[in-house]
file run20.pdb (PDB, C-alpha atoms, pLDDT in the B column)
MODEL        1
ATOM      1  CA  MET J 608     -13.920  14.690  11.264  1.00 35.00           C
ATOM      2  CA  PRO J 609     -16.541  11.934  11.148  1.00 34.00           C
ATOM      3  CA  HIS J 610     -15.235   8.380  11.216  1.00 39.00           C
ATOM      4  CA  LYS J 611     -15.697   6.494   7.959  1.00 46.00           C
ATOM      5  CA  GLU J 612     -16.962   2.955   8.317  1.00 49.00           C
ATOM      6  CA  GLU J 613     -14.351   0.426   7.281  1.00 64.00           C
ATOM      7  CA  ALA J 614     -15.183  -1.298   4.010  1.00 79.00           C
ATOM      8  CA  SER J 615     -15.735  -5.038   4.333  1.00 91.00           C
ATOM      9  CA  PRO J 616     -13.210  -7.369   2.690  1.00 96.00           C
ATOM     10  CA  ALA J 617     -15.895  -8.674   0.337  1.00 92.00           C
ATOM     11  CA  ALA J 618     -16.736  -5.119  -0.754  1.00 94.00           C
ATOM     12  CA  LEU J 619     -13.086  -4.400  -1.547  1.00 96.00           C
ATOM     13  CA  LEU J 620     -12.399  -7.542  -3.578  1.00 97.00           C
ATOM     14  CA  PRO J 621     -13.874  -6.310  -6.909  1.00 97.00           C
ATOM     15  CA  LEU J 622     -11.710  -3.179  -6.763  1.00 97.00           C
ATOM     16  CA  LEU J 623      -8.658  -5.250  -5.839  1.00 98.00           C
ATOM     17  CA  ARG J 624      -9.224  -7.513  -8.856  1.00 98.00           C
ATOM     18  CA  THR J 625      -9.381  -4.475 -11.140  1.00 98.00           C
ATOM     19  CA  CYS J 626      -6.197  -3.029  -9.641  1.00 98.00           C
ATOM     20  CA  VAL J 627      -4.384  -6.359  -9.944  1.00 98.00           C
ATOM     21  CA  GLY J 628      -5.344  -6.464 -13.623  1.00 98.00           C
ATOM     22  CA  ARG J 629      -3.958  -2.970 -14.203  1.00 98.00           C
ATOM     23  CA  LEU J 630      -0.747  -3.853 -12.369  1.00 98.00           C
ATOM     24  CA  ARG J 631      -0.311  -6.987 -14.452  1.00 98.00           C
ATOM     25  CA  SER J 632      -0.815  -5.013 -17.683  1.00 98.00           C
ATOM     26  CA  THR J 633       1.964  -2.630 -16.673  1.00 98.00           C
ATOM     27  CA  ALA J 634       4.311  -5.415 -15.541  1.00 98.00           C
ATOM     28  CA  ALA J 635       3.767  -7.285 -18.809  1.00 98.00           C
ATOM     29  CA  THR J 636       5.283  -4.370 -20.755  1.00 98.00           C
ATOM     30  CA  LEU J 637       8.595  -4.527 -18.862  1.00 98.00           C
ATOM     31  CA  SER J 638      11.614  -6.119 -20.534  1.00 98.00           C
ATOM     32  CA  ASP J 639      14.555  -7.822 -18.859  1.00 98.00           C
ATOM     33  CA  GLU J 640      16.416  -4.515 -19.008  1.00 98.00           C
ATOM     34  CA  ASP J 641      13.425  -2.587 -17.676  1.00 98.00           C
ATOM     35  CA  VAL J 642      13.144  -4.707 -14.537  1.00 98.00           C
ATOM     36  CA  LYS J 643      16.800  -4.040 -13.724  1.00 98.00           C
ATOM     37  CA  ALA J 644      16.189  -0.282 -13.737  1.00 98.00           C
ATOM     38  CA  PRO J 645      15.635   1.664 -10.495  1.00 98.00           C
ATOM     39  CA  SER J 646      12.158   1.931  -9.031  1.00 98.00           C
ATOM     40  CA  LEU J 647      10.920   4.909  -7.024  1.00 96.00           C
ATOM     41  CA  LEU J 648      12.033   3.132  -3.833  1.00 95.00           C
ATOM     42  CA  PRO J 649      15.634   3.900  -2.844  1.00 93.00           C
ATOM     43  CA  GLY J 650      17.893   0.902  -3.380  1.00 95.00           C
ATOM     44  CA  TRP J 651      15.241  -1.188  -5.122  1.00 97.00           C
ATOM     45  CA  THR J 652      14.968  -2.047  -8.791  1.00 98.00           C
ATOM     46  CA  ARG J 653      11.641  -2.748 -10.438  1.00 98.00           C
ATOM     47  CA  ALA J 654      12.488  -6.439  -9.979  1.00 98.00           C
ATOM     48  CA  HIS J 655      12.642  -5.895  -6.204  1.00 98.00           C
ATOM     49  CA  VAL J 656       9.185  -4.287  -6.301  1.00 98.00           C
ATOM     50  CA  LEU J 657       7.659  -7.114  -8.370  1.00 98.00           C
ATOM     51  CA  THR J 658       9.206  -9.745  -6.085  1.00 98.00           C
ATOM     52  CA  HIS J 659       7.978  -7.905  -3.017  1.00 98.00           C
ATOM     53  CA  LEU J 660       4.434  -7.844  -4.413  1.00 98.00           C
ATOM     54  CA  ALA J 661       4.523 -11.617  -4.962  1.00 98.00           C
ATOM     55  CA  ARG J 662       5.837 -12.380  -1.491  1.00 97.00           C
ATOM     56  CA  SER J 663       3.457  -9.848   0.058  1.00 98.00           C
ATOM     57  CA  ALA J 664       0.523 -11.666  -1.558  1.00 98.00           C
ATOM     58  CA  ASP J 665       1.860 -15.014  -0.325  1.00 98.00           C
ATOM     59  CA  SER J 666       2.185 -13.625   3.197  1.00 97.00           C
ATOM     60  CA  ARG J 667      -1.464 -12.617   3.237  1.00 98.00           C
ATOM     61  CA  THR J 668      -2.544 -15.961   1.841  1.00 98.00           C
ATOM     62  CA  ARG J 669      -0.765 -17.515   4.854  1.00 97.00           C
ATOM     63  CA  LEU J 670      -2.753 -15.246   7.169  1.00 98.00           C
ATOM     64  CA  LEU J 671      -6.030 -16.270   5.555  1.00 98.00           C
ATOM     65  CA  THR J 672      -5.031 -19.938   5.879  1.00 97.00           C
ATOM     66  CA  SER J 673      -4.142 -19.395   9.519  1.00 97.00           C
ATOM     67  CA  ALA J 674      -7.519 -17.794  10.255  1.00 97.00           C
ATOM     68  CA  ARG J 675      -9.459 -20.448   8.354  1.00 96.00           C
ATOM     69  CA  THR J 676      -7.682 -23.519   9.765  1.00 96.00           C
ATOM     70  CA  GLY J 677      -6.586 -22.369  13.217  1.00 95.00           C
ATOM     71  CA  THR J 678      -2.951 -23.171  12.362  1.00 94.00           C
ATOM     72  CA  ASP J 679      -0.402 -20.690  13.723  1.00 92.00           C
ATOM     73  CA  LEU J 680       1.081 -19.301  10.491  1.00 92.00           C
ATOM     74  CA  PRO J 681       2.761 -15.910  10.954  1.00 92.00           C
ATOM     75  CA  GLN J 682       2.776 -13.479   8.034  1.00 95.00           C
ATOM     76  CA  TYR J 683       6.585 -13.813   7.828  1.00 92.00           C
ATOM     77  CA  ALA J 684       9.005 -15.668  10.067  1.00 88.00           C
ATOM     78  CA  SER J 685      11.011 -12.455  10.477  1.00 90.00           C
ATOM     79  CA  ASP J 686      12.020  -9.187   8.842  1.00 90.00           C
ATOM     80  CA  ASP J 687      15.261 -10.879   7.773  1.00 93.00           C
ATOM     81  CA  GLN J 688      13.373 -13.616   5.963  1.00 91.00           C
ATOM     82  CA  ARG J 689      11.212 -11.048   4.190  1.00 93.00           C
ATOM     83  CA  GLU J 690      14.216  -9.053   2.991  1.00 95.00           C
ATOM     84  CA  ARG J 691      16.143 -12.175   1.978  1.00 95.00           C
ATOM     85  CA  GLU J 692      13.296 -13.481  -0.174  1.00 95.00           C
ATOM     86  CA  ILE J 693      13.080 -10.147  -1.990  1.00 97.00           C
ATOM     87  CA  GLU J 694      16.820 -10.003  -2.668  1.00 97.00           C
ATOM     88  CA  GLU J 695      16.928 -13.619  -3.840  1.00 96.00           C
ATOM     89  CA  GLY J 696      14.034 -13.077  -6.239  1.00 97.00           C
ATOM     90  CA  ALA J 697      15.160  -9.774  -7.741  1.00 97.00           C
ATOM     91  CA  GLY J 698      17.693 -11.293 -10.163  1.00 97.00           C
ATOM     92  CA  ARG J 699      15.143 -13.133 -12.302  1.00 98.00           C
ATOM     93  CA  SER J 700      13.941 -12.425 -15.838  1.00 98.00           C
ATOM     94  CA  ALA J 701      10.952 -10.209 -16.543  1.00 98.00           C
ATOM     95  CA  ASP J 702       8.864 -13.226 -17.553  1.00 98.00           C
ATOM     96  CA  ALA J 703       9.706 -15.106 -14.361  1.00 98.00           C
ATOM     97  CA  LEU J 704       8.916 -12.072 -12.223  1.00 98.00           C
ATOM     98  CA  LEU J 705       5.579 -11.540 -13.962  1.00 98.00           C
ATOM     99  CA  ASP J 706       4.570 -15.179 -13.646  1.00 98.00           C
ATOM    100  CA  ASP J 707       5.494 -15.289  -9.954  1.00 98.00           C
ATOM    101  CA  MET J 708       3.619 -12.083  -9.117  1.00 98.00           C
ATOM    102  CA  ASP J 709       0.582 -13.061 -11.179  1.00 98.00           C
ATOM    103  CA  THR J 710       0.384 -16.506  -9.591  1.00 98.00           C
ATOM    104  CA  ALA J 711       0.801 -15.186  -6.039  1.00 98.00           C
ATOM    105  CA  LEU J 712      -1.796 -12.441  -6.441  1.00 98.00           C
ATOM    106  CA  HIS J 713      -4.380 -14.739  -7.964  1.00 98.00           C
ATOM    107  CA  ARG J 714      -3.727 -17.321  -5.251  1.00 98.00           C
ATOM    108  CA  PHE J 715      -4.507 -14.623  -2.695  1.00 98.00           C
ATOM    109  CA  LEU J 716      -7.654 -13.531  -4.546  1.00 98.00           C
ATOM    110  CA  SER J 717      -8.893 -17.131  -4.646  1.00 98.00           C
ATOM    111  CA  ALA J 718      -8.205 -17.570  -0.926  1.00 98.00           C
ATOM    112  CA  ALA J 719     -10.051 -14.337  -0.144  1.00 98.00           C
ATOM    113  CA  ASP J 720     -13.005 -15.365  -2.330  1.00 97.00           C
ATOM    114  CA  ASP J 721     -13.274 -18.660  -0.441  1.00 97.00           C
ATOM    115  CA  HIS J 722     -12.716 -17.217   3.053  1.00 97.00           C
ATOM    116  CA  PRO J 723     -15.646 -18.020   5.382  1.00 96.00           C
ATOM    117  CA  PRO J 724     -17.562 -14.850   6.316  1.00 95.00           C
ATOM    118  CA  HIS J 725     -17.431 -15.728  10.027  1.00 94.00           C
ATOM    119  CA  ALA J 726     -13.627 -15.977   9.962  1.00 96.00           C
ATOM    120  CA  TRP J 727     -12.743 -12.419   8.915  1.00 97.00           C
ATOM    121  CA  ASP J 728     -12.390 -11.297  12.533  1.00 96.00           C
ATOM    122  CA  VAL J 729     -10.069 -14.143  13.569  1.00 97.00           C
ATOM    123  CA  PRO J 730      -6.807 -12.657  14.955  1.00 97.00           C
ATOM    124  CA  VAL J 731      -3.612 -13.626  13.132  1.00 97.00           C
ATOM    125  CA  ARG J 732       0.074 -12.770  13.548  1.00 95.00           C
ATOM    126  CA  TRP J 733       1.062  -9.802  11.402  1.00 96.00           C
ATOM    127  CA  LEU J 734       4.742  -8.932  11.043  1.00 92.00           C
ATOM    128  CA  GLY J 735       5.580  -6.075  13.410  1.00 85.00           C
ATOM    129  CA  ALA J 736       1.980  -5.641  14.527  1.00 83.00           C
ATOM    130  CA  GLY J 737       1.202  -8.702  16.622  1.00 88.00           C
ATOM    131  CA  LEU J 738      -2.286 -10.192  16.662  1.00 94.00           C
ATOM    132  CA  ARG J 739      -4.830  -8.356  14.531  1.00 95.00           C
ATOM    133  CA  PRO J 740      -7.973  -9.500  12.677  1.00 97.00           C
ATOM    134  CA  VAL J 741      -7.302 -11.070   9.299  1.00 97.00           C
ATOM    135  CA  ARG J 742      -9.894  -8.770   7.689  1.00 96.00           C
ATOM    136  CA  GLY J 743      -7.094  -6.277   7.125  1.00 96.00           C
ATOM    137  CA  ALA J 744      -5.509  -8.584   4.556  1.00 97.00           C
ATOM    138  CA  VAL J 745      -7.656  -7.393   1.652  1.00 98.00           C
ATOM    139  CA  ALA J 746      -7.373  -3.652   2.334  1.00 96.00           C
ATOM    140  CA  SER J 747      -3.630  -3.919   2.912  1.00 96.00           C
ATOM    141  CA  MET J 748      -3.190  -5.974  -0.281  1.00 98.00           C
ATOM    142  CA  LEU J 749      -5.024  -3.262  -2.195  1.00 98.00           C
ATOM    143  CA  ARG J 750      -2.635  -0.702  -0.699  1.00 97.00           C
ATOM    144  CA  GLU J 751       0.375  -2.808  -1.675  1.00 98.00           C
ATOM    145  CA  VAL J 752      -0.875  -3.213  -5.250  1.00 98.00           C
ATOM    146  CA  GLU J 753      -1.720   0.448  -5.869  1.00 98.00           C
ATOM    147  CA  VAL J 754       1.251   2.086  -4.146  1.00 97.00           C
ATOM    148  CA  HIS J 755       3.856  -0.355  -5.482  1.00 98.00           C
ATOM    149  CA  HIS J 756       2.332  -0.100  -8.970  1.00 98.00           C
ATOM    150  CA  THR J 757       3.314   3.562  -8.700  1.00 98.00           C
ATOM    151  CA  ASP J 758       6.763   2.562  -7.408  1.00 98.00           C
ATOM    152  CA  LEU J 759       7.438   0.757 -10.707  1.00 98.00           C
ATOM    153  CA  ASP J 760       7.793   4.251 -12.217  1.00 97.00           C
ATOM    154  CA  ALA J 761       6.032   3.096 -15.368  1.00 98.00           C
ATOM    155  CA  GLY J 762       3.203   5.598 -15.666  1.00 96.00           C
ATOM    156  CA  HIS J 763       0.883   4.682 -12.780  1.00 98.00           C
ATOM    157  CA  THR J 764       0.927   7.950 -10.835  1.00 97.00           C
ATOM    158  CA  PRO J 765      -1.145   8.802  -7.745  1.00 97.00           C
ATOM    159  CA  ALA J 766      -3.595  10.591 -10.047  1.00 96.00           C
ATOM    160  CA  ARG J 767      -4.587   7.114 -11.301  1.00 97.00           C
ATOM    161  CA  TRP J 768      -5.319   5.721  -7.852  1.00 98.00           C
ATOM    162  CA  PRO J 769      -9.046   4.873  -7.483  1.00 97.00           C
ATOM    163  CA  ALA J 770     -10.942   7.671  -5.713  1.00 97.00           C
ATOM    164  CA  SER J 771     -12.391   5.367  -3.035  1.00 95.00           C
ATOM    165  CA  PHE J 772      -8.922   3.960  -2.314  1.00 97.00           C
ATOM    166  CA  THR J 773      -7.426   7.447  -2.088  1.00 97.00           C
ATOM    167  CA  ALA J 774     -10.108   8.720   0.284  1.00 96.00           C
ATOM    168  CA  ARG J 775      -9.696   5.756   2.636  1.00 95.00           C
ATOM    169  CA  GLU J 776      -5.911   5.836   2.570  1.00 96.00           C
ATOM    170  CA  LEU J 777      -5.732   9.598   3.107  1.00 97.00           C
ATOM    171  CA  ASP J 778      -7.713   9.178   6.317  1.00 95.00           C
ATOM    172  CA  ALA J 779      -5.614   6.181   7.387  1.00 94.00           C
ATOM    173  CA  THR J 780      -2.349   7.974   6.638  1.00 95.00           C
ATOM    174  CA  THR J 781      -3.291  11.153   8.481  1.00 96.00           C
ATOM    175  CA  ALA J 782      -4.373   9.028  11.454  1.00 94.00           C
ATOM    176  CA  LYS J 783      -0.974   7.315  11.424  1.00 93.00           C
ATOM    177  CA  LEU J 784       0.856  10.637  11.215  1.00 94.00           C
ATOM    178  CA  ARG J 785      -1.095  11.976  14.188  1.00 94.00           C
ATOM    179  CA  THR J 786       0.582   9.305  16.322  1.00 93.00           C
ATOM    180  CA  ASN J 787       4.079  10.384  15.193  1.00 92.00           C
ATOM    181  CA  PRO J 788       5.585  13.048  17.495  1.00 93.00           C
ATOM    182  CA  HIS J 789       7.796  14.247  14.630  1.00 92.00           C
ATOM    183  CA  THR J 790       4.881  15.256  12.406  1.00 94.00           C
ATOM    184  CA  PRO J 791       5.029  19.061  11.972  1.00 94.00           C
ATOM    185  CA  PRO J 792       1.953  21.256  12.468  1.00 95.00           C
ATOM    186  CA  MET J 793      -0.167  21.544   9.324  1.00 96.00           C
ATOM    187  CA  THR J 794      -3.736  21.370   8.121  1.00 96.00           C
ATOM    188  CA  LEU J 795      -4.468  19.350   5.006  1.00 97.00           C
ATOM    189  CA  ARG J 796      -7.458  20.234   2.848  1.00 97.00           C
ATOM    190  CA  ALA J 797      -8.328  18.005  -0.122  1.00 97.00           C
ATOM    191  CA  ASP J 798     -10.101  19.655  -3.040  1.00 97.00           C
ATOM    192  CA  GLU J 799     -12.681  16.872  -3.126  1.00 95.00           C
ATOM    193  CA  ASP J 800     -14.127  17.232   0.377  1.00 94.00           C
ATOM    194  CA  GLN J 801     -12.629  20.437   1.855  1.00 94.00           C
ATOM    195  CA  VAL J 802     -12.380  18.668   5.227  1.00 94.00           C
ATOM    196  CA  PRO J 803      -9.592  20.122   7.436  1.00 95.00           C
ATOM    197  CA  ARG J 804      -7.238  17.358   8.581  1.00 96.00           C
ATOM    198  CA  VAL J 805      -5.116  18.806  11.380  1.00 95.00           C
ATOM    199  CA  LEU J 806      -1.715  17.205  12.025  1.00 95.00           C
ATOM    200  CA  GLY J 807       0.999  17.833  14.565  1.00 92.00           C
ATOM    201  CA  ASP J 808       0.564  20.532  17.183  1.00 89.00           C
ATOM    202  CA  GLY J 809      -1.733  22.320  14.684  1.00 75.00           C
ATOM    203  CA  PRO J 810      -3.057  24.076  12.887  1.00 79.00           C
ATOM    204  CA  GLY J 811       0.171  25.242  11.136  1.00 91.00           C
ATOM    205  CA  PRO J 812       0.166  26.121   7.432  1.00 96.00           C
ATOM    206  CA  ARG J 813      -2.657  24.857   5.230  1.00 96.00           C
ATOM    207  CA  VAL J 814      -1.667  22.439   2.474  1.00 97.00           C
ATOM    208  CA  ASN J 815      -4.222  22.244  -0.335  1.00 97.00           C
ATOM    209  CA  GLY J 816      -4.635  20.074  -3.404  1.00 97.00           C
ATOM    210  CA  PRO J 817      -6.243  16.970  -4.900  1.00 98.00           C
ATOM    211  CA  ALA J 818      -6.581  14.096  -2.436  1.00 98.00           C
ATOM    212  CA  ALA J 819      -4.336  11.842  -4.524  1.00 98.00           C
ATOM    213  CA  GLU J 820      -1.584  14.469  -4.596  1.00 97.00           C
ATOM    214  CA  LEU J 821      -1.844  14.958  -0.829  1.00 98.00           C
ATOM    215  CA  LEU J 822      -1.628  11.215  -0.265  1.00 97.00           C
ATOM    216  CA  GLY J 823       1.205  10.861  -2.768  1.00 97.00           C
ATOM    217  CA  TRP J 824       3.181  13.569  -0.976  1.00 97.00           C
ATOM    218  CA  LEU J 825       2.509  12.197   2.518  1.00 97.00           C
ATOM    219  CA  THR J 826       3.713   8.753   1.432  1.00 95.00           C
ATOM    220  CA  ARG J 827       6.724  10.118  -0.519  1.00 93.00           C
ATOM    221  CA  ARG J 828       5.398   9.073  -3.939  1.00 95.00           C
ATOM    222  CA  THR J 829       5.373  12.670  -5.209  1.00 95.00           C
ATOM    223  CA  ASP J 830       7.347  15.788  -4.356  1.00 94.00           C
ATOM    224  CA  GLY J 831       4.198  17.814  -3.680  1.00 95.00           C
ATOM    225  CA  HIS J 832       4.763  20.277  -6.531  1.00 94.00           C
ATOM    226  CA  MET J 833       1.034  20.261  -7.352  1.00 95.00           C
ATOM    227  CA  LEU J 834       0.086  21.320  -3.822  1.00 97.00           C
ATOM    228  CA  SER J 835      -0.309  24.878  -2.550  1.00 97.00           C
ATOM    229  CA  VAL J 836       0.620  26.214   0.882  1.00 97.00           C
ATOM    230  CA  GLU J 837      -1.153  29.018   2.792  1.00 96.00           C
ATOM    231  CA  PRO J 838       0.357  31.304   3.852  1.00 95.00           C
ATOM    232  CA  ARG J 839       2.746  31.014   0.918  1.00 94.00           C
ATOM    233  CA  GLY J 840       5.917  29.127   1.787  1.00 93.00           C
ATOM    234  CA  PRO J 841       7.627  25.742   1.513  1.00 95.00           C
ATOM    235  CA  LEU J 842       5.837  22.496   2.222  1.00 96.00           C
ATOM    236  CA  PRO J 843       6.344  21.283   5.815  1.00 95.00           C
ATOM    237  CA  ALA J 844       9.171  18.778   6.309  1.00 93.00           C
ATOM    238  CA  LEU J 845       7.581  15.361   6.770  1.00 92.00           C
ATOM    239  CA  PRO J 846       8.894  12.728   9.192  1.00 87.00           C
ATOM    240  CA  THR J 847      10.481   9.564   7.840  1.00 80.00           C
ATOM    241  CA  TRP J 848       7.791   7.378   6.287  1.00 69.00           C
ATOM    242  CA  ARG J 849       7.546   3.619   6.586  1.00 61.00           C
ATOM    243  CA  SER J 850       4.594   2.132   4.728  1.00 54.00           C
TER     244      SER J 850
ENDMDL
END
call {"tool": "encode", "arguments": {"input": "run20.pdb", "output": "structure tokens"}}
result
Amino acid sequence: MPHKEEASPAALLPLLRTCVGRLRSTAATLSDEDVKAPSLLPGWTRAHVLTHLARSADSRTRLLTSARTGTDLPQYASDDQREREIEEGAGRSADALLDDMDTALHRFLSAADDHPPHAWDVPVRWLGAGLRPVRGAVASMLREVEVHHTDLDAGHTPARWPASFTARELDATTAKLRTNPHTPPMTLRADEDQVPRVLGDGPGPRVNGPAAELLGWLTRRTDGHMLSVEPRGPLPALPTWRS
């Protein structure tokens, strides 16, 4: 499969702004009772998801600051700090959650707008990934916004993910699964491009369907009921997913 050129951060920013606006519109409809309800993520309420989005934006703003100033600012001090901040923030009102998320996301967008073009390749300290270029901050923020918008379980299904986002993330996700020894043999074929994406010790059964449904299933955001399997049979059992 031909390699797709990575979109530049500047090229992704307009789409990210649109997605942030859609997320905010959904979050603004949630009441205090709504935010206490379960999200699609096991053990997390919608309030956990909204808090996570705010802190995730703040973490990427730190990375941009680190790259721009040369100051050593890790994305998070530790996994424990990340989890603690989410738990501490999840008990707030819907209005407080919305204001926090909105402020954090727009702070990140402003920092990305102002980031010097020559500084996108500066390596920074990502949690669990060591030193990597800061250019990944925009694409990963877009992923956080779209996927966790779906996790709010408030109507934003994978079918509403932007097509360009879905195409990029499907390739990134299949690449990640190819490195996992527990990925079962299968060949994915999206309706939109008909490109065979072979996983595991392939080719295995062929799993067909819209790209968004394939991506939603691979990332555990759907149960795959809109996908077909050839030869007819159950969907392959996926390995544990950590986004």
call {"tool": "residues_around", "arguments": {"input": "run20.pdb", "residues": "region 785-802 of chain J", "least_positions_apart": "5", "cutoff": "12 Å", "atoms": "only C-alpha atoms", "output": "number ranges by chain"}}
result
J: 608-609, 770-771, 773-774, 777-780, 807-822, 824-825, 833-838, 841-849
call {"tool": "write_last_selection", "arguments": {"input": "run20.pdb", "atoms": "C-alpha atoms", "output": "compact mmCIF listing (two decimals), in the frame of the given file"}}
result
# COMPACT_ATOMS: atom_id res chain seq x y z
CA MET J 608 -13.92 14.69 11.26
CA PRO J 609 -16.54 11.93 11.15
CA ALA J 770 -10.94 7.67 -5.71
CA SER J 771 -12.39 5.37 -3.04
CA THR J 773 -7.43 7.45 -2.09
CA ALA J 774 -10.11 8.72 0.28
CA LEU J 777 -5.73 9.60 3.11
CA ASP J 778 -7.71 9.18 6.32
CA ALA J 779 -5.61 6.18 7.39
CA THR J 780 -2.35 7.97 6.64
CA GLY J 807 1.00 17.83 14.56
CA ASP J 808 0.56 20.53 17.18
CA GLY J 809 -1.73 22.32 14.68
CA PRO J 810 -3.06 24.08 12.89
CA GLY J 811 0.17 25.24 11.14
CA PRO J 812 0.17 26.12 7.43
CA ARG J 813 -2.66 24.86 5.23
CA VAL J 814 -1.67 22.44 2.47
CA ASN J 815 -4.22 22.24 -0.34
CA GLY J 816 -4.64 20.07 -3.40
CA PRO J 817 -6.24 16.97 -4.90
CA ALA J 818 -6.58 14.10 -2.44
CA ALA J 819 -4.34 11.84 -4.52
CA GLU J 820 -1.58 14.47 -4.60
CA LEU J 821 -1.84 14.96 -0.83
CA LEU J 822 -1.63 11.22 -0.26
CA TRP J 824 3.18 13.57 -0.98
CA LEU J 825 2.51 12.20 2.52
CA MET J 833 1.03 20.26 -7.35
CA LEU J 834 0.09 21.32 -3.82
CA SER J 835 -0.31 24.88 -2.55
CA VAL J 836 0.62 26.21 0.88
CA GLU J 837 -1.15 29.02 2.79
CA PRO J 838 0.36 31.30 3.85
CA PRO J 841 7.63 25.74 1.51
CA LEU J 842 5.84 22.50 2.22
CA PRO J 843 6.34 21.28 5.82
CA ALA J 844 9.17 18.78 6.31
CA LEU J 845 7.58 15.36 6.77
CA PRO J 846 8.89 12.73 9.19
CA THR J 847 10.48 9.56 7.84
CA TRP J 848 7.79 7.38 6.29
CA ARG J 849 7.55 3.62 6.59
call {"tool": "closest_residue", "arguments": {"input": "run20.pdb", "among": "J:His722, J:Ala736, J:Ala766, J:Leu759", "to": "Pro645 (chain J)", "atoms": "all atoms listed in the file"}}
result
J:Leu759
call {"tool": "resolve_selection", "arguments": {"input": "run20.pdb", "expression": "the PyMOL selection byres ((chain J and resi 705-712) around 6)", "output": "PDB file with C-alpha atoms, in the coordinates of the input"}}
result
ATOM      1  CA  ALA J 661       4.523 -11.617  -4.962  1.00 98.00           C
ATOM      2  CA  ALA J 664       0.523 -11.666  -1.558  1.00 98.00           C
ATOM      3  CA  ASP J 665       1.860 -15.014  -0.325  1.00 98.00           C
ATOM      4  CA  ASP J 702       8.864 -13.226 -17.553  1.00 98.00           C
ATOM      5  CA  ALA J 703       9.706 -15.106 -14.361  1.00 98.00           C
ATOM      6  CA  LEU J 704       8.916 -12.072 -12.223  1.00 98.00           C
ATOM      7  CA  HIS J 713      -4.380 -14.739  -7.964  1.00 98.00           C
ATOM      8  CA  ARG J 714      -3.727 -17.321  -5.251  1.00 98.00           C
ATOM      9  CA  PHE J 715      -4.507 -14.623  -2.695  1.00 98.00           C
TER      10      PHE J 715
END
call {"tool": "closest_residue", "arguments": {"input": "run20.pdb", "among": "J:Gln688, J:Ser717, J:Thr764, J:Thr829", "to": "Thr672 (chain J)", "atoms": "all atoms listed in the file"}}
result
J:Ser717
call {"tool": "atom_distance", "arguments": {"input": "run20.pdb", "atom1": "CA of Ala782 (chain J)", "atom2": "CA of Val754 (chain J)"}}
result
18.0 Å
call {"tool": "closest_residue", "arguments": {"input": "run20.pdb", "among": "J:Gly737, J:Asp720, J:Gly628, J:Asp641", "to": "Gln682 (chain J)", "atoms": "only C-alpha atoms"}}
result
J:Gly737
call {"tool": "residues_around", "arguments": {"input": "run20.pdb", "residues": "Glu695 (chain J)", "least_positions_apart": "3", "cutoff": "12 Å", "atoms": "only C-alpha atoms", "output": "MDAnalysis selection string"}}
result
chainID J and resid 654:655 658:659 662 688:692 698:699 704
